[in-house]
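Visitor: Input file: my_file-v1.txt. Contents: compact mmCIF, C-alpha atoms (C1' of nucleotides) and all ligand atoms.
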```txt
# COMPACT_ATOMS: atom_id res chain seq x y z
CA MET X 554 117.70 171.65 94.63
CA ALA X 555 118.49 167.98 94.29
CA THR X 556 115.45 165.94 95.24
CA PRO X 557 116.98 162.67 96.38
CA THR X 558 115.34 159.50 95.14
CA PRO X 559 116.48 155.92 95.65
CA ILE X 560 118.12 156.01 92.26
CA THR X 561 119.87 159.34 92.59
CA SER X 562 121.21 158.52 96.00
CA ALA X 563 122.46 155.19 94.71
CA LEU X 564 124.28 157.06 91.97
CA ASP X 565 125.75 159.49 94.46
CA ARG X 566 126.79 156.72 96.80
CA ALA X 567 128.58 154.96 93.96
CA GLY X 568 130.55 158.08 93.18
CA TYR X 569 128.73 159.20 90.03
CA ARG X 570 127.92 162.85 89.47
CA LEU X 571 124.38 163.98 90.00
CA THR X 572 123.77 165.62 86.67
CA ALA X 573 120.52 167.09 85.39
CA PRO X 574 120.05 164.37 82.73
CA ARG X 575 120.53 161.64 85.31
CA GLN X 576 118.04 163.22 87.65
CA ALA X 577 115.54 163.63 84.84
CA LEU X 578 115.92 160.00 83.86
CA ALA X 579 115.70 158.85 87.46
CA ALA X 580 112.39 160.67 87.70
CA LEU X 581 111.11 159.13 84.47
CA ILE X 582 112.06 155.68 85.68
CA ALA X 583 110.41 156.24 89.02
CA ASP X 584 107.17 156.96 87.14
CA GLN X 585 107.22 153.59 85.37
CA ASP X 586 105.29 150.93 87.16
CA GLY X 587 106.06 148.11 84.76
CA HIS X 588 109.12 147.49 82.69
CA PHE X 589 110.44 150.13 80.33
CA THR X 590 112.75 150.29 77.34
CA ALA X 591 115.56 152.53 76.22
CA ALA X 592 113.47 153.65 73.29
CA GLY X 593 110.59 154.46 75.64
CA LEU X 594 112.79 156.67 77.79
CA VAL X 595 114.17 158.43 74.74
CA ALA X 596 110.64 159.13 73.55
CA ALA X 597 109.48 160.29 76.97
CA ALA X 598 112.49 162.55 77.37
CA ARG X 599 111.98 164.08 73.98
CA SER X 600 108.25 164.61 74.32
CA ARG X 601 108.74 166.33 77.67
CA ARG X 602 111.55 168.38 76.21
CA LEU X 603 113.98 167.37 78.89
CA GLY X 604 116.93 167.87 76.60
CA VAL X 605 118.37 164.48 77.28
CA GLY X 606 120.30 163.00 74.39
CA ARG X 607 119.83 159.49 73.13
CA ALA X 608 123.39 158.46 73.90
CA THR X 609 122.94 159.67 77.45
CA VAL X 610 119.90 157.46 77.91
CA PHE X 611 121.91 154.40 76.93
CA ARG X 612 124.87 155.46 79.00
CA THR X 613 122.69 156.07 82.02
CA LEU X 614 120.97 152.71 81.68
CA GLU X 615 124.41 151.13 81.59
CA VAL X 616 125.45 152.91 84.77
CA LEU X 617 122.20 152.14 86.56
CA GLU X 618 122.51 148.51 85.67
CA ALA X 619 126.10 148.47 86.88
CA ILE X 620 125.12 149.78 90.31
CA GLY X 621 122.16 147.41 90.47
CA ALA X 622 119.49 150.10 90.44
CA ILE X 623 117.87 148.54 87.40
CA GLU X 624 118.05 145.16 85.77
CA ARG X 625 117.70 144.09 82.17
CA LEU X 626 114.91 141.71 81.22
CA ASP X 627 115.06 139.53 78.15
CA LEU X 628 111.49 139.33 77.00
CA PRO X 629 110.33 136.19 75.20
CA GLY X 630 110.22 138.03 71.90
CA GLY X 631 113.90 138.91 72.20
CA GLU X 632 113.52 142.61 73.09
CA HIS X 633 115.28 144.12 76.03
CA ALA X 634 113.46 145.94 78.81
CA TYR X 635 114.44 147.20 82.21
CA VAL X 636 112.91 147.31 85.67
CA GLY X 637 113.81 149.30 88.71
CA CYS X 638 115.35 147.03 91.33
CA LYS X 639 116.50 146.62 94.83
CA PRO X 640 120.20 145.93 94.78
CA ALA X 641 120.05 142.43 96.25
CA HIS X 642 120.05 139.37 94.04
CA HIS X 643 116.58 138.32 92.99
CA HIS X 644 114.48 137.47 89.96
CA HIS X 645 111.29 138.70 88.36
CA VAL X 646 107.86 137.53 87.40
CA VAL X 647 106.79 139.63 84.46
CA CYS X 648 103.22 140.28 83.38
CA SER X 649 102.97 139.62 79.66
CA ARG X 650 100.07 142.01 79.36
CA CYS X 651 100.82 145.13 81.42
CA GLY X 652 104.54 144.74 81.97
CA ARG X 653 104.42 144.96 85.73
CA THR X 654 106.91 142.82 87.58
CA SER X 655 107.25 141.35 91.02
CA GLU X 656 110.56 140.56 92.59
CA ILE X 657 111.14 137.11 93.96
CA ARG X 658 113.85 135.85 96.23
CA ASP X 659 115.38 132.67 95.03
CA ALA X 660 115.84 130.61 98.16
CA ASP X 661 114.61 127.44 96.49
CA LEU X 662 116.58 128.13 93.37
CA GLN X 663 119.86 127.69 95.16
CA ARG X 664 119.07 124.02 95.45
CA VAL X 665 118.47 123.80 91.72
CA VAL X 666 121.72 125.59 90.95
CA ARG X 667 123.74 123.34 93.20
CA HIS X 668 122.03 120.32 91.74
CA VAL X 669 122.84 121.37 88.21
CA ALA X 670 126.46 122.00 89.12
CA ARG X 671 126.83 118.55 90.63
CA GLN X 672 124.98 116.95 87.73
CA THR X 673 126.87 118.57 84.87
CA GLY X 674 130.28 119.24 86.37
CA TYR X 675 130.04 122.93 85.48
CA ARG X 676 131.12 125.56 87.94
CA VAL X 677 128.05 127.81 87.91
CA ASP X 678 128.89 131.49 88.34
CA GLU X 679 125.67 133.27 87.49
CA HIS X 680 122.13 132.45 86.60
CA ARG X 681 119.06 134.19 85.36
CA LEU X 682 115.49 133.14 85.94
CA GLU X 683 112.58 134.96 84.40
CA LEU X 684 108.94 133.98 84.72
CA PHE X 685 106.19 135.25 82.47
CA GLY X 686 102.45 135.20 82.93
CA LEU X 687 99.58 137.39 84.04
CA CYS X 688 99.65 139.57 87.13
CA PRO X 689 96.75 139.49 89.60
CA ALA X 690 95.28 142.72 88.24
CA CYS X 691 95.30 141.49 84.65
CA LEU X 692 93.94 138.13 85.73
CA ALA X 693 91.03 139.96 87.32
CA GLY X 694 90.25 141.43 83.92
CA ASP X 695 91.45 144.80 85.06
CA ALA X 696 91.41 146.90 81.90
CA ARG X 697 92.92 149.94 83.60
CA PRO X 698 96.65 149.22 83.41
CA LYS X 699 98.32 150.47 80.29
CA ALA X 700 98.27 147.88 77.57
CA ARG X 701 101.47 146.82 75.91
CA LYS X 702 102.08 145.73 72.39
CA SER X 703 103.95 142.50 71.64
CA MET F 1294 120.07 113.30 47.61
CA ALA F 1295 118.62 114.55 50.85
CA THR F 1296 120.81 113.39 53.72
CA PRO F 1297 118.37 113.39 56.61
CA THR F 1298 119.58 114.89 59.85
CA PRO F 1299 117.63 115.45 63.04
CA ILE F 1300 117.01 119.03 61.99
CA THR F 1301 115.98 118.34 58.41
CA SER F 1302 113.62 115.59 59.41
CA ALA F 1303 112.10 117.85 62.05
CA LEU F 1304 111.51 120.42 59.34
CA ASP F 1305 109.99 117.83 57.07
CA ARG F 1306 107.79 116.47 59.82
CA ALA F 1307 106.50 119.97 60.55
CA GLY F 1308 105.53 120.42 56.92
CA TYR F 1309 108.30 122.76 55.80
CA ARG F 1310 109.97 122.30 52.44
CA LEU F 1311 113.39 120.75 52.40
CA THR F 1312 115.23 123.40 50.44
CA ALA F 1313 118.92 123.57 49.70
CA PRO F 1314 119.52 126.61 51.95
CA ARG F 1315 117.79 124.89 54.85
CA GLN F 1316 119.84 121.76 54.39
CA ALA F 1317 123.03 123.77 54.19
CA LEU F 1318 122.16 125.62 57.38
CA ALA F 1319 121.19 122.41 59.14
CA ALA F 1320 124.61 121.04 58.29
CA LEU F 1321 126.35 124.17 59.55
CA ILE F 1322 124.40 124.02 62.78
CA ALA F 1323 125.19 120.35 63.25
CA ASP F 1324 128.87 121.26 63.11
CA GLN F 1325 128.61 123.70 66.00
CA ASP F 1326 129.39 122.20 69.35
CA GLY F 1327 128.72 125.29 71.41
CA HIS F 1328 126.25 128.06 70.83
CA PHE F 1329 126.21 130.00 67.60
CA THR F 1330 124.89 133.29 66.32
CA ALA F 1331 123.00 134.46 63.27
CA ALA F 1332 125.99 136.53 62.25
CA GLY F 1333 128.22 133.50 62.62
CA LEU F 1334 126.04 131.43 60.32
CA VAL F 1335 125.94 134.22 57.77
CA ALA F 1336 129.72 134.41 57.81
CA ALA F 1337 130.14 130.64 57.60
CA ALA F 1338 127.67 130.39 54.74
CA ARG F 1339 129.38 133.15 52.83
CA SER F 1340 132.90 131.87 53.37
CA ARG F 1341 131.91 128.42 52.18
CA ARG F 1342 130.10 129.95 49.24
CA LEU F 1343 126.87 128.19 50.03
CA GLY F 1344 124.82 130.90 48.40
CA VAL F 1345 122.57 131.36 51.38
CA GLY F 1346 121.25 134.88 51.82
CA ARG F 1347 121.26 136.77 55.06
CA ALA F 1348 117.50 137.06 55.23
CA THR F 1349 117.24 133.32 54.79
CA VAL F 1350 119.49 132.71 57.76
CA PHE F 1351 117.22 134.78 59.98
CA ARG F 1352 114.09 133.21 58.54
CA THR F 1353 115.48 129.73 59.04
CA LEU F 1354 116.48 130.43 62.62
CA GLU F 1355 112.95 131.64 63.22
CA VAL F 1356 111.48 128.45 61.79
CA LEU F 1357 113.89 126.20 63.66
CA GLU F 1358 113.09 127.95 66.90
CA ALA F 1359 109.38 127.59 66.21
CA ILE F 1360 109.66 123.84 65.79
CA GLY F 1361 111.90 123.57 68.83
CA ALA F 1362 114.98 122.39 66.97
CA ILE F 1363 116.99 125.28 68.34
CA GLU F 1364 116.56 127.63 71.25
CA ARG F 1365 117.61 131.22 71.74
CA LEU F 1366 119.99 132.06 74.56
CA ASP F 1367 120.20 135.53 76.06
CA LEU F 1368 123.83 135.89 76.99
CA PRO F 1369 124.72 138.05 79.98
CA GLY F 1370 126.11 140.75 77.70
CA GLY F 1371 122.77 141.04 75.94
CA GLU F 1372 123.68 139.28 72.69
CA HIS F 1373 121.55 136.51 71.30
CA ALA F 1374 122.90 133.07 70.51
CA TYR F 1375 121.32 129.76 69.63
CA VAL F 1376 121.86 126.13 70.54
CA GLY F 1377 120.62 122.97 68.92
CA CYS F 1378 117.99 121.35 71.13
CA LYS F 1379 115.89 118.37 71.82
CA PRO F 1380 112.27 119.38 71.49
CA ALA F 1381 111.27 118.76 75.10
CA HIS F 1382 111.23 121.56 77.64
CA HIS F 1383 114.54 122.07 79.39
CA HIS F 1384 117.14 124.67 80.23
CA HIS F 1385 120.84 125.21 79.63
CA VAL F 1386 124.08 125.65 81.47
CA VAL F 1387 126.31 127.72 79.24
CA CYS F 1388 130.09 127.82 79.39
CA SER F 1389 131.19 131.45 79.43
CA ARG F 1390 134.49 130.55 77.89
CA CYS F 1391 133.90 128.02 75.10
CA GLY F 1392 130.18 128.39 74.56
CA ARG F 1393 129.35 124.75 75.03
CA THR F 1394 126.05 124.03 76.72
CA SER F 1395 124.49 121.20 78.63
CA GLU F 1396 120.80 120.62 78.79
CA ILE F 1397 119.15 120.23 82.15
CA ARG F 1398 115.74 118.95 83.02
CA ASP F 1399 113.92 121.16 85.44
CA ALA F 1400 112.25 118.78 87.82
CA ASP F 1401 113.14 120.85 90.87
CA LEU F 1402 112.28 124.06 89.12
CA GLN F 1403 108.62 123.16 88.98
CA ARG F 1404 108.47 123.58 92.70
CA VAL F 1405 109.99 127.05 92.43
CA VAL F 1406 107.54 128.05 89.73
CA ARG F 1407 104.55 126.89 91.71
CA HIS F 1408 105.90 128.60 94.78
CA VAL F 1409 106.30 131.87 92.96
CA ALA F 1410 102.79 131.64 91.57
CA ARG F 1411 101.30 131.10 94.98
CA GLN F 1412 103.46 133.82 96.49
CA THR F 1413 102.79 136.55 93.95
CA GLY F 1414 99.34 135.71 92.66
CA TYR F 1415 100.61 135.63 89.09
CA ARG F 1416 99.50 132.92 86.72
CA VAL F 1417 102.87 131.77 85.42
CA ASP F 1418 102.77 130.67 81.79
CA GLU F 1419 106.39 130.37 80.81
CA HIS F 1420 109.78 130.64 82.36
CA ARG F 1421 113.37 130.75 81.31
CA LEU F 1422 116.35 129.69 83.35
CA GLU F 1423 119.88 130.10 82.13
CA LEU F 1424 123.01 129.24 84.07
CA PHE F 1425 126.47 130.50 83.21
CA GLY F 1426 129.85 129.27 84.33
CA LEU F 1427 132.70 127.08 83.20
CA CYS F 1428 132.29 123.65 81.67
CA PRO F 1429 134.33 120.70 82.94
CA ALA F 1430 136.78 120.92 80.02
CA CYS F 1431 137.44 124.61 80.56
CA LEU F 1432 137.72 124.07 84.30
CA ALA F 1433 140.41 121.50 83.63
CA GLY F 1434 142.39 124.18 81.84
CA ASP F 1435 141.66 122.59 78.50
CA ALA F 1436 142.99 125.08 75.99
CA ARG F 1437 141.73 123.12 73.00
CA PRO F 1438 138.13 124.29 72.66
CA LYS F 1439 137.68 127.35 70.53
CA ALA F 1440 137.91 130.51 72.58
CA ARG F 1441 135.14 133.02 72.48
CA LYS F 1442 135.28 136.76 72.82
CA SER F 1443 133.01 138.58 75.29
C1' DA K 985 105.54 116.69 33.69
C1' DG K 986 102.73 120.80 35.29
C1' DG K 987 101.18 124.15 38.40
C1' DA K 988 100.08 126.26 42.84
C1' DT K 989 102.68 128.30 46.25
C1' DA K 990 106.30 128.30 49.70
C1' DT K 991 110.79 129.98 49.70
C1' DT K 992 114.63 132.56 48.20
C1' DG K 993 118.30 136.50 47.49
C1' DA K 994 119.14 141.19 46.94
C1' DG K 995 118.89 145.17 48.85
C1' DA K 996 116.36 148.79 51.15
C1' DC K 997 115.02 149.89 55.48
C1' DT K 998 114.29 150.31 60.69
C1' DC K 999 115.89 149.94 65.19
C1' DT K 1000 119.27 149.23 68.75
C1' DG K 1001 123.37 150.32 70.60
C1' DT K 1002 128.20 152.36 70.31
C1' DC K 1003 131.64 155.81 69.37
C1' DT K 1004 133.92 160.36 68.64
C1' DC K 1005 134.71 164.81 69.80
C1' DA K 1006 134.05 169.43 70.94
C1' DT K 1007 131.57 171.65 74.71
C1' DT K 1008 129.51 171.90 79.26
C1' DC K 1009 128.88 170.87 83.96
C1' DG K 1010 129.68 168.95 88.84
C1' DT K 1011 132.44 168.72 92.37
C1' DG K 1012 136.27 169.24 95.52
C1' DC K 1013 139.39 172.57 96.85
C1' DT K 1014 140.92 177.06 98.10
C1' DA Q 1117 132.42 182.58 95.94
C1' DG Q 1118 135.69 181.32 92.52
C1' DC Q 1119 138.88 177.78 89.98
C1' DA Q 1120 140.42 173.84 87.85
C1' DC Q 1121 139.93 169.44 86.52
C1' DG Q 1122 137.90 165.48 85.00
C1' DA Q 1123 133.50 163.45 84.28
C1' DA Q 1124 129.50 163.75 81.58
C1' DT Q 1125 126.86 165.49 77.75
C1' DG Q 1126 124.61 166.08 72.91
C1' DA Q 1127 124.96 165.79 68.11
C1' DG Q 1128 125.58 163.03 64.78
C1' DA Q 1129 128.21 159.45 62.49
C1' DC Q 1130 128.60 154.72 62.63
C1' DA Q 1131 127.98 149.52 63.09
C1' DG Q 1132 125.15 145.70 63.68
C1' DA Q 1133 120.78 143.15 64.23
C1' DG Q 1134 116.68 142.07 62.36
C1' DT Q 1135 112.61 142.92 59.10
C1' DC Q 1136 110.39 143.70 54.75
C1' DT Q 1137 109.39 143.91 49.72
C1' DC Q 1138 109.37 141.95 45.47
C1' DA Q 1139 110.53 139.59 41.45
C1' DA Q 1140 112.53 135.11 40.45
C1' DT Q 1141 113.00 130.23 41.63
C1' DA Q 1142 112.46 125.74 43.65
C1' DT Q 1143 109.66 122.31 46.06
C1' DC Q 1144 106.28 119.08 46.18
C1' DC Q 1145 101.67 117.38 45.30
C1' DT Q 1146 98.77 115.46 41.69
MN MN X 1501 114.13 143.74 90.48
MN MN X 1502 118.58 122.60 74.51
ZN ZN X 1503 99.45 142.69 84.32
ZN ZN X 1504 133.87 125.55 78.25
```
Reformat the file's structure so that it appears as structure tokens.
Guide:
Amino acid sequence: MATPTPITSALDRAGYRLTAPRQALAALIADQDGHFTAAGLVAAARSRRLGVGRATVFRTLEVLEAIGAIERLDLPGGEHAYVGCKPAHHHHVVCSRCGRTSEIRDADLQRVVRHVARQTGYRVDEHRLELFGLCPACLAGDARPKARKS
Amino acid sequence: MATPTPITSALDRAGYRLTAPRQALAALIADQDGHFTAAGLVAAARSRRLGVGRATVFRTLEVLEAIGAIERLDLPGGEHAYVGCKPAHHHHVVCSRCGRTSEIRDADLQRVVRHVARQTGYRVDEHRLELFGLCPACLAGDARPKARKS
DNA sequence: AGGATATTGAGACTCTGTCTCATTCGTGCT
DNA sequence: AGCACGAATGAGACAGAGTCTCAATATCCT
């Protein structure tokens, strides 16, 4: 009865229980093609009467982030959003209009990080790079993708 | 009676009124050597009985960010902090222990940005890079600088 | 000095995220 | 299949961040 998805199997693999709320949320997240918010998931869960509590949404996001199945984005306006992710280290280009993201490997960035470390004397442990702009579809004037406020 | 500071003169130059609350906050911010938070300013203003309201702190931070006198940091834990800034575009290395930051120019980063644009087809309009680690003082086991939670 | 208006403080309000606690559910074991 | 145990859940209280309204005040231009 458990339909395995990348997210649910990642949960399983990490030793978390495969509960109904987690499976429901995994499905909701799989539907998203751009970034999504906690509030959005809560609304979606409620409107589809999935019986998933608000606290559980936040707790699940926390777990999914911990296992690297999703990643938090800090949008320019200050709001937090999430995107589904491969577990390896990478960064995102985020479309300011439709919210879609593309993952990017950061080969070149390593040079920058090392350079900064040498320059400033800091020991650099983590870094975050986020790029914002317009995705190819939105550049092409594609009106189809769901519009986003803010 | 107005003691001009970099922040107050930036405000003036941008056409904002030089009010007492803004001058008080500019002074508080000048005192900070690491990053600081809205809540921290509110607390400092209240404890020093500066008579600066909470709403005014948020409004002032908004204005200062708009004129580029400060910049918002998105800390790994998700909290927001601010640092005083030069107006030119740059990024920050942030000490996870004492909160001090160093500014870095992003010469090398331009290459990365262009590369990403070509690779993904996005038109990249803005980007944010934040590096976290330990500053030279904290690396040296310097216990002096004020410790920070989180 | 006088007046238009930008700015302020107080407090209500909204939204995000956390916590508690009694109840339920998943899972490993028999 | 049945049990037992701990992990996970929902409801709702709670805490904090940030926004908004509005009447009162202060700034700054003339
Ligand atoms: Mn990703
Ligand atoms: Mn800066
Ligand atoms: Zn787009
Ligand atoms: Zn430090």
Visitor: Can you pull out every residue within 9 Å of region 991-996 of chain K, counting all atoms listed in the file, but drop anything in the same chain fewer than 3 positions away, and send it as a ChimeraX atom specification?
Guide: /F:1310,1312,1314,1344-1349 /Q:1136-1137,1140-1143
Visitor: Please write the residues from the selection above to a file, keeping C-alpha atoms (C1' of nucleotides), as a PDB file, keeping the file's coordinate frame.
Guide:
```
ATOM      1  CA  ARG F1310     109.970 122.300  52.440  1.00  0.00           C
ATOM      2  CA  THR F1312     115.230 123.400  50.440  1.00  0.00           C
ATOM      3  CA  PRO F1314     119.520 126.610  51.950  1.00  0.00           C
ATOM      4  CA  GLY F1344     124.820 130.900  48.400  1.00  0.00           C
ATOM      5  CA  VAL F1345     122.570 131.360  51.380  1.00  0.00           C
ATOM      6  CA  GLY F1346     121.250 134.880  51.820  1.00  0.00           C
ATOM      7  CA  ARG F1347     121.260 136.770  55.060  1.00  0.00           C
ATOM      8  CA  ALA F1348     117.500 137.060  55.230  1.00  0.00           C
ATOM      9  CA  THR F1349     117.240 133.320  54.790  1.00  0.00           C
TER      10      THR F1349
ATOM     11  C1'  DC Q1136     110.390 143.700  54.750  1.00  0.00           C
ATOM     12  C1'  DT Q1137     109.390 143.910  49.720  1.00  0.00           C
ATOM     13  C1'  DA Q1140     112.530 135.110  40.450  1.00  0.00           C
ATOM     14  C1'  DT Q1141     113.000 130.230  41.630  1.00  0.00           C
ATOM     15  C1'  DA Q1142     112.460 125.740  43.650  1.00  0.00           C
ATOM     16  C1'  DT Q1143     109.660 122.310  46.060  1.00  0.00           C
TER      17       DT Q1143
END
```
Visitor: What do you get as a PDB file with C-alpha atoms, keeping the file's coordinate frame if you pick all residues at most 9 Å from ligand MN 1501 (chain X), counting all atoms listed in the file?
Guide:
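out.pdb was written with the following content:
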```pdb
ATOM      1  CA  GLY X 621     122.160 147.410  90.470  1.00  0.00           C
ATOM      2  CA  ALA X 622     119.490 150.100  90.440  1.00  0.00           C
ATOM      3  CA  ILE X 623     117.870 148.540  87.400  1.00  0.00           C
ATOM      4  CA  GLU X 624     118.050 145.160  85.770  1.00  0.00           C
ATOM      5  CA  TYR X 635     114.440 147.200  82.210  1.00  0.00           C
ATOM      6  CA  VAL X 636     112.910 147.310  85.670  1.00  0.00           C
ATOM      7  CA  GLY X 637     113.810 149.300  88.710  1.00  0.00           C
ATOM      8  CA  CYS X 638     115.350 147.030  91.330  1.00  0.00           C
ATOM      9  CA  LYS X 639     116.500 146.620  94.830  1.00  0.00           C
ATOM     10  CA  PRO X 640     120.200 145.930  94.780  1.00  0.00           C
ATOM     11  CA  ALA X 641     120.050 142.430  96.250  1.00  0.00           C
ATOM     12  CA  HIS X 642     120.050 139.370  94.040  1.00  0.00           C
ATOM     13  CA  HIS X 643     116.580 138.320  92.990  1.00  0.00           C
ATOM     14  CA  HIS X 644     114.480 137.470  89.960  1.00  0.00           C
ATOM     15  CA  HIS X 645     111.290 138.700  88.360  1.00  0.00           C
ATOM     16  CA  THR X 654     106.910 142.820  87.580  1.00  0.00           C
ATOM     17  CA  SER X 655     107.250 141.350  91.020  1.00  0.00           C
ATOM     18  CA  GLU X 656     110.560 140.560  92.590  1.00  0.00           C
ATOM     19  CA  ILE X 657     111.140 137.110  93.960  1.00  0.00           C
TER      20      ILE X 657
END
```
Visitor: I'd like the contact shell of Leu603 (chain X) - 12 Å cut-off, all atoms listed in the file, skipping same-chain residues fewer than 6 positions apart - returned as a PDB file with C-alpha atoms, in the frame of the given file.
Guide:
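Full text of around.pdb as output:
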```
ATOM      1  CA  ALA X 573     120.520 167.090  85.390  1.00  0.00           C
ATOM      2  CA  PRO X 574     120.050 164.370  82.730  1.00  0.00           C
ATOM      3  CA  ARG X 575     120.530 161.640  85.310  1.00  0.00           C
ATOM      4  CA  GLN X 576     118.040 163.220  87.650  1.00  0.00           C
ATOM      5  CA  ALA X 577     115.540 163.630  84.840  1.00  0.00           C
ATOM      6  CA  LEU X 578     115.920 160.000  83.860  1.00  0.00           C
ATOM      7  CA  ALA X 580     112.390 160.670  87.700  1.00  0.00           C
ATOM      8  CA  LEU X 581     111.110 159.130  84.470  1.00  0.00           C
ATOM      9  CA  LEU X 594     112.790 156.670  77.790  1.00  0.00           C
ATOM     10  CA  VAL X 595     114.170 158.430  74.740  1.00  0.00           C
ATOM     11  CA  ALA X 596     110.640 159.130  73.550  1.00  0.00           C
ATOM     12  CA  ALA X 597     109.480 160.290  76.970  1.00  0.00           C
ATOM     13  CA  THR X 609     122.940 159.670  77.450  1.00  0.00           C
ATOM     14  CA  VAL X 610     119.900 157.460  77.910  1.00  0.00           C
TER      15      VAL X 610
END
```
Visitor: Rounded to one decimal, what separation in Å do you get between CA of Asp678 (chain X) and CA of Ala1433 (chain F)?
Guide: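 Between CA of Asp678 (chain X) and CA of Ala1433 (chain F) the gap is 16.0 Å.
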Visitor: Residues within 8 Å of ligand ZN 1504 (chain X) (only C-alpha atoms (C1' of nucleotides) and all ligand atoms), as a PyMOL selection string?
Guide: chain F and resi 1387-1393+1427-1432+1438
Visitor: Measuring between all atoms listed in the file, which one of K:DC1009, K:DA985, K:DC999, K:DA990 shows the shortest distance to DG1122 (chain Q)?
Guide: K:DC1009
Visitor: Residues at most 12 Å from DT1002 (chain K), counting all atoms listed in the file, excluding those fewer than 5 positions away in the same chain, as an MDAnalysis selection string?
Guide: (chainID X and resid 607:609 611:612 615) or (chainID Q and resid 1129:1132)
Visitor: At what distance in Å, to one decimal, does CA of Leu1357 (chain F) lie from CA of Pro1297 (chain F)?
Guide: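 We find that CA of Pro1297 (chain F) and CA of Leu1357 (chain F) lie 15.3 Å from each other.
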Visitor: So the first atom is C1' of DT1008 (chain K) and the second is C1' of DA1123 (chain Q); what is the distance between them in Å, to one decimal place?
Guide: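 The value is 10.6 Å.
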Visitor: Which residues, written as a ChimeraX atom specification, have at least one atom at most 12 Å from DG986 (chain K), with all atoms listed in the file counted and residues fewer than 3 positions away on the same chain left out?
Guide: /Q:1144-1146
Visitor: Which polymer residues have any atom within 12 Å of an atom of Val666 (chain X), counting only C-alpha atoms (C1' of nucleotides), with same-chain residues fewer than 2 positions away left out, as number ranges by chain?
Guide: X: 659-664, 668-682; F: 1384-1386, 1397-1399, 1401-1402, 1405, 1422-1426
Visitor: Name the closest residue to ligand MN 1502 (chain X) among the candidates F:Asp1305, F:Arg1341, F:Pro1299, F:His1328; distances are taken between atoms, counting only C-alpha atoms and all ligand atoms.
Guide: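 Using only C-alpha atoms and all ligand atoms, ligand MN 1502 (chain X) sits closest to F:His1328.
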Visitor: Near chain X, meaning an atom within 8 Å, which residues of chain K appear when counting all atoms listed in the file? Write them as an NGL selection string.
Guide: :K and (1001 or 1009-1011)
Visitor: Could you take the residues named above and write them with C-alpha atoms (C1' of nucleotides), as a compact mmCIF listing (two decimals), keeping the file's coordinate frame?
Guide:
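Okay, part13.txt is ready:
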```txt
# COMPACT_ATOMS: atom_id res chain seq x y z
C1' DG K 1001 123.37 150.32 70.60
C1' DC K 1009 128.88 170.87 83.96
C1' DG K 1010 129.68 168.95 88.84
C1' DT K 1011 132.44 168.72 92.37
```
Visitor: Should the cut-off be 9 Å, what would the residue list for chain Q against chain X look like, counting all atoms listed in the file, as a PDB file with C-alpha atoms (C1' of nucleotides), keeping the file's coordinate frame?
Guide:
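Output contents, as saved in part.pdb:
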```pdb
ATOM      1  C1'  DA Q1123     133.500 163.450  84.280  1.00  0.00           C
ATOM      2  C1'  DA Q1124     129.500 163.750  81.580  1.00  0.00           C
ATOM      3  C1'  DT Q1125     126.860 165.490  77.750  1.00  0.00           C
ATOM      4  C1'  DG Q1126     124.610 166.080  72.910  1.00  0.00           C
ATOM      5  C1'  DA Q1127     124.960 165.790  68.110  1.00  0.00           C
TER       6       DA Q1127
END
```
